[in-house]
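In what follows, a structure is listed as structure tokens, so that the remarks can point back to it.
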Amino acid sequence: MTETHITQTGIVKVPTGIEGFDEITGGGLPQGRPALVVGGAGSGKTLFAMEFLVRGALAYNEPGVFVAFEETTEELAQNVASLNFDLKGLDAEGRIIIDHLRIERSEIEETGEYDLEGLFIRIGLAIDSIGAKRVVLDTIEALFSGLSNEMILRSELRRLFRWLKDKGVTAIITAEQGNGKFTRHGLEEYVSDAVIFLDHRIENQLSTRRVRVVKYRGSTHGTNEYPFLIGKNGFEVLPITSLGLKHAASTERISTGVARLDTMLGGHGPYRGSTILISGTAGSGKTSLAAHFASAACQRGEKCIYFAFEESESQIIRNMRSIGIDLEPWSKSGLLRFEALRPAQYGLEMHLARMHQMIREFEPQVMVLDPITDLMAIGSQTDVKAMLVRVIDFLKSRQITAFFTSLTSGGAALEQSEIGVSSLIDTWLLVREVEMNGERTRGLYILKSRGMAHSNQIREFLLTDHGVELIDVYLGANGALMGSARLAQEASLAAEDEARRQAVERRGAALEHKRKLIEAQVAALQAELASEETEFQKAIEYEKHSDRRAQQDRSAIARMRQAEELSLSKKG
Amino acid sequence: MMKTTPQSPSPSSTTAVKAWELRLYVAGQTARSLAAFENLKKICEEHLAGQYHIEVIDLLEQPQLARGDQIIALPTLVRKLPVPIRKIIGDLSNTERVLVGLDLRPRA
């Protein structure tokens, strides 16, 4: 069964089966109508048309007829064999007919009135013999070079396209791009339901292919230029706007592989499916963080794809081993796949397509791109940004957590990522080099992290033999100190603490001493008091004693005087 | 008067092999088809009497034959013999051009 899409206006569309193209046209080409595919030499017109037929035959069970005016059946079969299109097999199964029409002007003499009924009969026979639903005429303009009577040709072409519509076949007519005109022979006059433009241009010595839907009668369509590729699986159009912002946001958090960094990121690390960017100057440890991230993913049993633009796989593995991250086991077990290549190897679109392709094949949960700034060498900032938007959209739609590194060149504002992608990034970490006291240290902080409370602190970023370590920086009256200054400051702080502690101790001892002294004095005074009391008692005793003696003496005297004892004793 | 293949318009065509093997492709018995056949016969009788054989092929009846001789325009006259193959399209009303096309007259 053919899958069709109906728009509000009632146009029925036929999917071409060309990856991405059906997305930008909202379903494919208009059913039962001819569409014009225009492009310069080598722009991929023939391939586009051929894939339309092959996909139609294979995926949608719609047999097709390819009328080739320029290439022979044999040549066509060879040309598309590299895309794994088995034309001969399809021909044998009666799903595709390739009819080569040869027009040799030198062999033809024109003598009076004629029409192109022969062409109609041939196409009609081919359509009817396999019940074709799709037809390609490639390139019908060859008729103009084969036949000289343009008046007859034009009226016959008009009749031909009308006739194709009546036949109810969905057709692709290819045409050469014209000089000053849209097509060389003005075919757009006759085929106007859908016009597709294929462009192949060279920028900075790298080729870029783009496709644009110039016209699509009765249907909305993306009007942008979309890059496309001719890869081993045929055409691949990379739509940008059609993806939209519809991806689901996960609440799951994953570890960056650096525990302290997870703590800084709201305590649990970034969200799954988010995009993390680390920017910093050369040698700031971006790749090391990326390696942590990749290694942590593999430890969780997830798959990670690592696109490296600067170092080879073995170089990264060796270098990361020096800081205690061993990526080799993951690489061997297949959880970690490196894709190391120079950016200049391909154009941006090719890179993008390769990423798409590899991600689709490998289906990783985590992706590292190190560094994105290298792509600047092969495209303008706008192009690179547009490409990264597509990468990020694609990753988000698949819930792949992405880790990008970005190299900030010296002198550039740190907070300005080179490619201007900051708005696309969910979590942006910045490693800044701090030069102080004749040494360079690294400070890491979080510039932004969407959807989570995150630390506003600068942490000193250390590369140790057991990986990245984040350490509190010294914050004090002299500002933030890092590196040996931090160590020195910490040492001097400790000394100060010790001195204070000793001072307190000393004061305690003095107090103790004084207390003892006072206690001794108190004891002496008390002893003095006690002795005085004793003296006083003794005096009292003596007094009492003397008193008694005096009385006794007086009594004795009275006795001697024979005085009244009683009265005396009363008074005494 | 015009019939489909093969036809022998002149007594001389009964001989097994003629020096001139001509094939006229048409689509139905339209006025143009008939005119082409009439014009062809006239020219042949005038210039190739007794040496030619004309085969008329109606592609409406035998559409599969269009492929072999790479027929696009109709009517088309194909000179199979003598080699090389020549194709003349149109209703053959321009006698001069037909003669040039058949190599019976040098090209201008």
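Residue numbers start at 1 in each chain; chains themselves are named A, B, ... in the order of the structure tokens; ligands are numbered from 1 in the order shown.
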Do you know which residues are at most 7 Å from Leu59 in chain B counting only C-alpha atoms, after dropping those on the same chain fewer than 6 positions away, and could you put them as an mmCIF file with N, CA and C atoms, in the first residue's frame?
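Written file, part-v7.cif:
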```cif
data_model
loop_
_atom_site.group_PDB
_atom_site.id
_atom_site.type_symbol
_atom_site.label_atom_id
_atom_site.label_comp_id
_atom_site.auth_asym_id
_atom_site.auth_seq_id
_atom_site.Cartn_x
_atom_site.Cartn_y
_atom_site.Cartn_z
ATOM 1 N N TYR B 25 7.707 4.317 -39.829
ATOM 2 C CA TYR B 25 6.961 4.180 -38.574
ATOM 3 C C TYR B 25 5.861 5.232 -38.532
ATOM 4 N N VAL B 26 4.664 4.795 -38.211
ATOM 5 C CA VAL B 26 3.538 5.729 -38.074
ATOM 6 C C VAL B 26 2.732 5.333 -36.844
ATOM 7 N N ALA B 27 1.791 6.211 -36.504
ATOM 8 C CA ALA B 27 0.880 5.866 -35.416
ATOM 9 C C ALA B 27 -0.545 6.026 -35.935
ATOM 10 N N LEU B 65 7.911 -2.077 -30.921
ATOM 11 C CA LEU B 65 8.916 -1.897 -31.965
ATOM 12 C C LEU B 65 9.539 -0.507 -31.934
ATOM 13 N N ALA B 66 8.942 0.391 -31.169
ATOM 14 C CA ALA B 66 9.474 1.753 -31.128
ATOM 15 C C ALA B 66 10.866 1.770 -30.519
#
```
Contacts of chain B with chain A up to 10 Å, shortest pair per row, only C-alpha atoms, as CSV:
```
residue,atom,partner,partner_atom,distance
B:Tyr25,CA,A:Gly118,CA,8.6
B:Val26,CA,A:Gly118,CA,8.2
B:Ala27,CA,A:Glu117,CA,7.1
B:Arg32,CA,A:Glu113,CA,7.8
B:Ser33,CA,A:Tyr114,CA,9.4
B:Ala36,CA,A:Gly112,CA,9.3
B:Leu59,CA,A:Ile121,CA,7.2
B:Leu60,CA,A:Ile121,CA,7.4
B:Gln62,CA,A:Ile121,CA,9.5
B:Pro63,CA,A:Ile121,CA,6.1
B:Gln64,CA,A:Leu125,CA,7.2
B:Leu65,CA,A:Arg122,CA,8.9
B:Ala66,CA,A:Arg122,CA,6.4
B:Arg67,CA,A:Arg122,CA,7.0
B:Asp69,CA,A:Arg102,CA,9.4
B:Gln70,CA,A:Leu101,CA,6.2
B:Ile71,CA,A:Gly118,CA,5.5
B:Ile72,CA,A:Gly118,CA,4.2
B:Ala73,CA,A:Leu116,CA,4.2
B:Leu74,CA,A:Asp115,CA,5.4
B:Pro75,CA,A:Tyr114,CA,6.1
B:Thr76,CA,A:Tyr114,CA,8.4
B:Leu77,CA,A:Glu109,CA,9.5
B:Val78,CA,A:Ile108,CA,9.4
B:Pro84,CA,A:Glu107,CA,9.1
B:Ile85,CA,A:Glu107,CA,7.6
B:Arg86,CA,A:Glu107,CA,5.5
B:Lys87,CA,A:Ile108,CA,4.7
B:Ile88,CA,A:Glu109,CA,4.5
B:Ile89,CA,A:Glu110,CA,5.0
B:Gly90,CA,A:Tyr114,CA,4.3
B:Asp91,CA,A:Gly112,CA,5.3
B:Leu92,CA,A:Thr111,CA,5.0
B:Ser93,CA,A:Gly112,CA,5.6
B:Asn94,CA,A:Thr111,CA,5.2
B:Thr95,CA,A:Thr111,CA,7.7
B:Glu96,CA,A:Thr111,CA,8.6
B:Arg97,CA,A:Thr111,CA,5.9
B:Val98,CA,A:Thr111,CA,6.3
B:Leu99,CA,A:Glu109,CA,9.8
B:Val100,CA,A:Glu109,CA,8.0
B:Gly101,CA,A:Glu109,CA,5.4
B:Leu102,CA,A:Glu109,CA,8.9
```
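Note that the spacing between CA of Thr73 in chain A and CA of Leu160 in chain A amounts to 22.4 Å.
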**Asked** What residues in chain B get the DSSP label helix (DSSP H, G or I)? Please answer as number ranges by chain.
**Response** B: 11-14, 31-47, 65-68, 95-101
Okay, now the selection with N, CA and C atoms, as a JSON list (two decimals), in the first residue's frame?
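Everything below was put into again_2.json:
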```json
[["chain", "number", "residue", "atom", "x", "y", "z"],
["B", 11, "PRO", "N", 6.26, -3.88, -57.97],
["B", 11, "PRO", "CA", 6.56, -5.26, -58.37],
["B", 11, "PRO", "C", 8.00, -5.64, -58.09],
["B", 12, "SER", "N", 8.84, -4.68, -58.17],
["B", 12, "SER", "CA", 10.26, -4.99, -58.00],
["B", 12, "SER", "C", 10.58, -5.44, -56.58],
["B", 13, "SER", "N", 9.68, -5.14, -55.63],
["B", 13, "SER", "CA", 9.97, -5.46, -54.24],
["B", 13, "SER", "C", 9.82, -6.95, -53.94],
["B", 14, "THR", "N", 9.35, -7.71, -54.89],
["B", 14, "THR", "CA", 9.18, -9.14, -54.65],
["B", 14, "THR", "C", 10.52, -9.86, -54.58],
["B", 31, "ALA", "N", -3.93, 11.53, -41.25],
["B", 31, "ALA", "CA", -3.66, 12.23, -42.50],
["B", 31, "ALA", "C", -2.16, 12.38, -42.70],
["B", 32, "ARG", "N", -1.46, 12.61, -41.61],
["B", 32, "ARG", "CA", -0.02, 12.80, -41.72],
["B", 32, "ARG", "C", 0.68, 11.49, -42.09],
["B", 33, "SER", "N", 0.19, 10.40, -41.53],
["B", 33, "SER", "CA", 0.76, 9.09, -41.85],
["B", 33, "SER", "C", 0.57, 8.80, -43.34],
["B", 34, "LEU", "N", -0.63, 9.05, -43.78],
["B", 34, "LEU", "CA", -0.94, 8.75, -45.18],
["B", 34, "LEU", "C", -0.12, 9.64, -46.11],
["B", 35, "ALA", "N", 0.00, 10.92, -45.71],
["B", 35, "ALA", "CA", 0.78, 11.84, -46.54],
["B", 35, "ALA", "C", 2.22, 11.38, -46.60],
["B", 36, "ALA", "N", 2.76, 10.95, -45.48],
["B", 36, "ALA", "CA", 4.14, 10.50, -45.44],
["B", 36, "ALA", "C", 4.33, 9.31, -46.35],
["B", 37, "PHE", "N", 3.39, 8.37, -46.26],
["B", 37, "PHE", "CA", 3.52, 7.18, -47.09],
["B", 37, "PHE", "C", 3.45, 7.54, -48.57],
["B", 38, "GLU", "N", 2.50, 8.41, -48.93],
["B", 38, "GLU", "CA", 2.35, 8.84, -50.34],
["B", 38, "GLU", "C", 3.63, 9.52, -50.82],
["B", 39, "ASN", "N", 4.14, 10.43, -49.97],
["B", 39, "ASN", "CA", 5.35, 11.15, -50.37],
["B", 39, "ASN", "C", 6.52, 10.19, -50.54],
["B", 40, "LEU", "N", 6.64, 9.23, -49.64],
["B", 40, "LEU", "CA", 7.74, 8.29, -49.70],
["B", 40, "LEU", "C", 7.67, 7.47, -50.98],
["B", 41, "LYS", "N", 6.46, 6.99, -51.25],
["B", 41, "LYS", "CA", 6.30, 6.13, -52.42],
["B", 41, "LYS", "C", 6.66, 6.87, -53.71],
["B", 42, "LYS", "N", 6.24, 8.12, -53.73],
["B", 42, "LYS", "CA", 6.51, 8.93, -54.91],
["B", 42, "LYS", "C", 8.02, 9.11, -55.11],
["B", 43, "ILE", "N", 8.68, 9.42, -54.03],
["B", 43, "ILE", "CA", 10.13, 9.65, -54.13],
["B", 43, "ILE", "C", 10.85, 8.37, -54.53],
["B", 44, "CYS", "N", 10.43, 7.25, -53.93],
["B", 44, "CYS", "CA", 11.08, 5.97, -54.23],
["B", 44, "CYS", "C", 10.89, 5.60, -55.71],
["B", 45, "GLU", "N", 9.66, 5.78, -56.16],
["B", 45, "GLU", "CA", 9.40, 5.43, -57.55],
["B", 45, "GLU", "C", 10.23, 6.28, -58.48],
["B", 46, "GLU", "N", 10.44, 7.50, -58.07],
["B", 46, "GLU", "CA", 11.18, 8.42, -58.92],
["B", 46, "GLU", "C", 12.67, 8.14, -58.93],
["B", 47, "HIS", "N", 13.19, 7.82, -57.75],
["B", 47, "HIS", "CA", 14.65, 7.73, -57.64],
["B", 47, "HIS", "C", 15.20, 6.33, -57.44],
["B", 65, "LEU", "N", 7.91, -2.08, -30.92],
["B", 65, "LEU", "CA", 8.92, -1.90, -31.96],
["B", 65, "LEU", "C", 9.54, -0.51, -31.93],
["B", 66, "ALA", "N", 8.94, 0.39, -31.17],
["B", 66, "ALA", "CA", 9.47, 1.75, -31.13],
["B", 66, "ALA", "C", 10.87, 1.77, -30.52],
["B", 67, "ARG", "N", 11.11, 0.83, -29.63],
["B", 67, "ARG", "CA", 12.37, 0.82, -28.90],
["B", 67, "ARG", "C", 13.56, 0.50, -29.79],
["B", 68, "GLY", "N", 13.36, -0.48, -30.66],
["B", 68, "GLY", "CA", 14.47, -0.97, -31.46],
["B", 68, "GLY", "C", 15.12, 0.11, -32.30],
["B", 95, "THR", "N", 10.64, 17.25, -50.29],
["B", 95, "THR", "CA", 11.32, 16.23, -51.09],
["B", 95, "THR", "C", 12.84, 16.41, -51.07],
["B", 96, "GLU", "N", 13.26, 17.65, -51.21],
["B", 96, "GLU", "CA", 14.69, 17.92, -51.24],
["B", 96, "GLU", "C", 15.38, 17.36, -49.99],
["B", 97, "ARG", "N", 14.75, 17.62, -48.87],
["B", 97, "ARG", "CA", 15.36, 17.19, -47.60],
["B", 97, "ARG", "C", 15.30, 15.68, -47.45],
["B", 98, "VAL", "N", 14.26, 15.08, -47.98],
["B", 98, "VAL", "CA", 14.18, 13.62, -47.91],
["B", 98, "VAL", "C", 15.33, 13.03, -48.74],
["B", 99, "LEU", "N", 15.56, 13.61, -49.89],
["B", 99, "LEU", "CA", 16.64, 13.10, -50.73],
["B", 99, "LEU", "C", 18.00, 13.27, -50.06],
["B", 100, "VAL", "N", 18.14, 14.39, -49.40],
["B", 100, "VAL", "CA", 19.40, 14.60, -48.65],
["B", 100, "VAL", "C", 19.50, 13.58, -47.53],
["B", 101, "GLY", "N", 18.37, 13.39, -46.86],
["B", 101, "GLY", "CA", 18.37, 12.46, -45.73],
["B", 101, "GLY", "C", 18.68, 11.05, -46.16]]
```
**Message:** Taking 3 positions as the minimum chain separation for residues in the same chain, which residues sit within 7 Å of range 85-98 of chain A when counting only C-alpha atoms? Answer as a PyMOL selection string.
**Reply:** chain A and resi 57+63-67+73+77+80-81+126+130
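Taking only C-alpha atoms, the non-local environment of Ile172 in chain A within 6 Å (same-chain residues fewer than 5 positions away omitted) comprises Pro34, Ala35, Leu36 and Val136 of chain A.
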**Given only C-alpha atoms as the counted atoms, nearest of A:Ala49, A:Val258, A:Ile400, A:Leu430 to Ile173 in chain A** = A:Ala49
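Taking only C-alpha atoms, the non-local environment of Ala480 in chain A within 12 Å (same-chain residues fewer than 4 positions away omitted) comprises A:Val434, A:Glu435, A:Met436, A:Thr441, A:Gly443, A:Gln457, A:Ile458, A:Arg459, A:Glu460, A:Asp472, A:Val473, A:Tyr474, A:Leu475, A:Gly476, A:Ala485, A:Arg486, A:Gln489.
Shortest atom-to-atom contact with Ala294 in chain A among A:Arg260, A:Arg337, A:Lys396, A:His466: A:Arg337, counting only C-alpha atoms.
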Which polymer residues have any atom within 7 Å of an atom of range 231-235 of chain A, counting only C-alpha atoms, with same-chain residues fewer than 6 positions away left out, as a PDB file with all heavy atoms, in the first residue's frame?
```pdb
ATOM      1  N   ILE A  18      13.062   9.503  -0.030  1.00  0.00           N
ATOM      2  CA  ILE A  18      14.379  10.127   0.115  1.00  0.00           C
ATOM      3  C   ILE A  18      14.440  10.743   1.498  1.00  0.00           C
ATOM      4  O   ILE A  18      13.573  11.535   1.871  1.00  0.00           O
ATOM      5  CB  ILE A  18      14.610  11.184  -0.980  1.00  0.00           C
ATOM      6  CG1 ILE A  18      14.681  10.488  -2.332  1.00  0.00           C
ATOM      7  CG2 ILE A  18      15.881  11.981  -0.697  1.00  0.00           C
ATOM      8  CD1 ILE A  18      14.670  11.418  -3.507  1.00  0.00           C
ATOM      9  N   GLU A  19      15.461  10.345   2.224  1.00  0.00           N
ATOM     10  CA  GLU A  19      15.562  10.736   3.616  1.00  0.00           C
ATOM     11  C   GLU A  19      15.582  12.252   3.791  1.00  0.00           C
ATOM     12  O   GLU A  19      16.404  12.942   3.204  1.00  0.00           O
ATOM     13  CB  GLU A  19      16.828  10.141   4.212  1.00  0.00           C
ATOM     14  CG  GLU A  19      16.810  10.181   5.689  1.00  0.00           C
ATOM     15  CD  GLU A  19      17.522   8.971   6.267  1.00  0.00           C
ATOM     16  OE1 GLU A  19      18.111   8.196   5.509  1.00  0.00           O
ATOM     17  OE2 GLU A  19      17.474   8.829   7.469  1.00  0.00           O
ATOM     18  N   PHE A  48      18.660  11.784  -7.712  1.00  0.00           N
ATOM     19  CA  PHE A  48      17.427  12.109  -6.985  1.00  0.00           C
ATOM     20  C   PHE A  48      16.257  11.375  -7.628  1.00  0.00           C
ATOM     21  O   PHE A  48      15.466  10.704  -6.967  1.00  0.00           O
ATOM     22  CB  PHE A  48      17.205  13.631  -7.046  1.00  0.00           C
ATOM     23  CG  PHE A  48      16.016  14.115  -6.273  1.00  0.00           C
ATOM     24  CD1 PHE A  48      16.152  14.525  -4.954  1.00  0.00           C
ATOM     25  CD2 PHE A  48      14.760  14.181  -6.856  1.00  0.00           C
ATOM     26  CE1 PHE A  48      15.060  14.980  -4.237  1.00  0.00           C
ATOM     27  CE2 PHE A  48      13.660  14.625  -6.148  1.00  0.00           C
ATOM     28  CZ  PHE A  48      13.815  15.030  -4.829  1.00  0.00           C
ATOM     29  N   SER A  82      26.784   1.773  -6.764  1.00  0.00           N
ATOM     30  CA  SER A  82      27.524   2.155  -5.563  1.00  0.00           C
ATOM     31  C   SER A  82      26.579   2.506  -4.433  1.00  0.00           C
ATOM     32  O   SER A  82      26.965   2.565  -3.275  1.00  0.00           O
ATOM     33  CB  SER A  82      28.429   3.341  -5.877  1.00  0.00           C
ATOM     34  OG  SER A  82      27.652   4.428  -6.315  1.00  0.00           O
ATOM     35  N   LEU A  83      25.335   2.797  -4.737  1.00  0.00           N
ATOM     36  CA  LEU A  83      24.354   3.109  -3.696  1.00  0.00           C
ATOM     37  C   LEU A  83      23.540   1.874  -3.323  1.00  0.00           C
ATOM     38  O   LEU A  83      22.489   1.989  -2.689  1.00  0.00           O
ATOM     39  CB  LEU A  83      23.400   4.199  -4.185  1.00  0.00           C
ATOM     40  CG  LEU A  83      24.050   5.484  -4.685  1.00  0.00           C
ATOM     41  CD1 LEU A  83      23.008   6.398  -5.273  1.00  0.00           C
ATOM     42  CD2 LEU A  83      24.766   6.179  -3.552  1.00  0.00           C
TER      43      LEU A  83
END
```
**Asked** Contacts of range 166-169 of chain A at 7 Å or less, counting only C-alpha atoms, minus same-chain residues fewer than 3 places along, as a PyMOL selection string?
**Response** chain A and resi 32-33+133-135+162-163
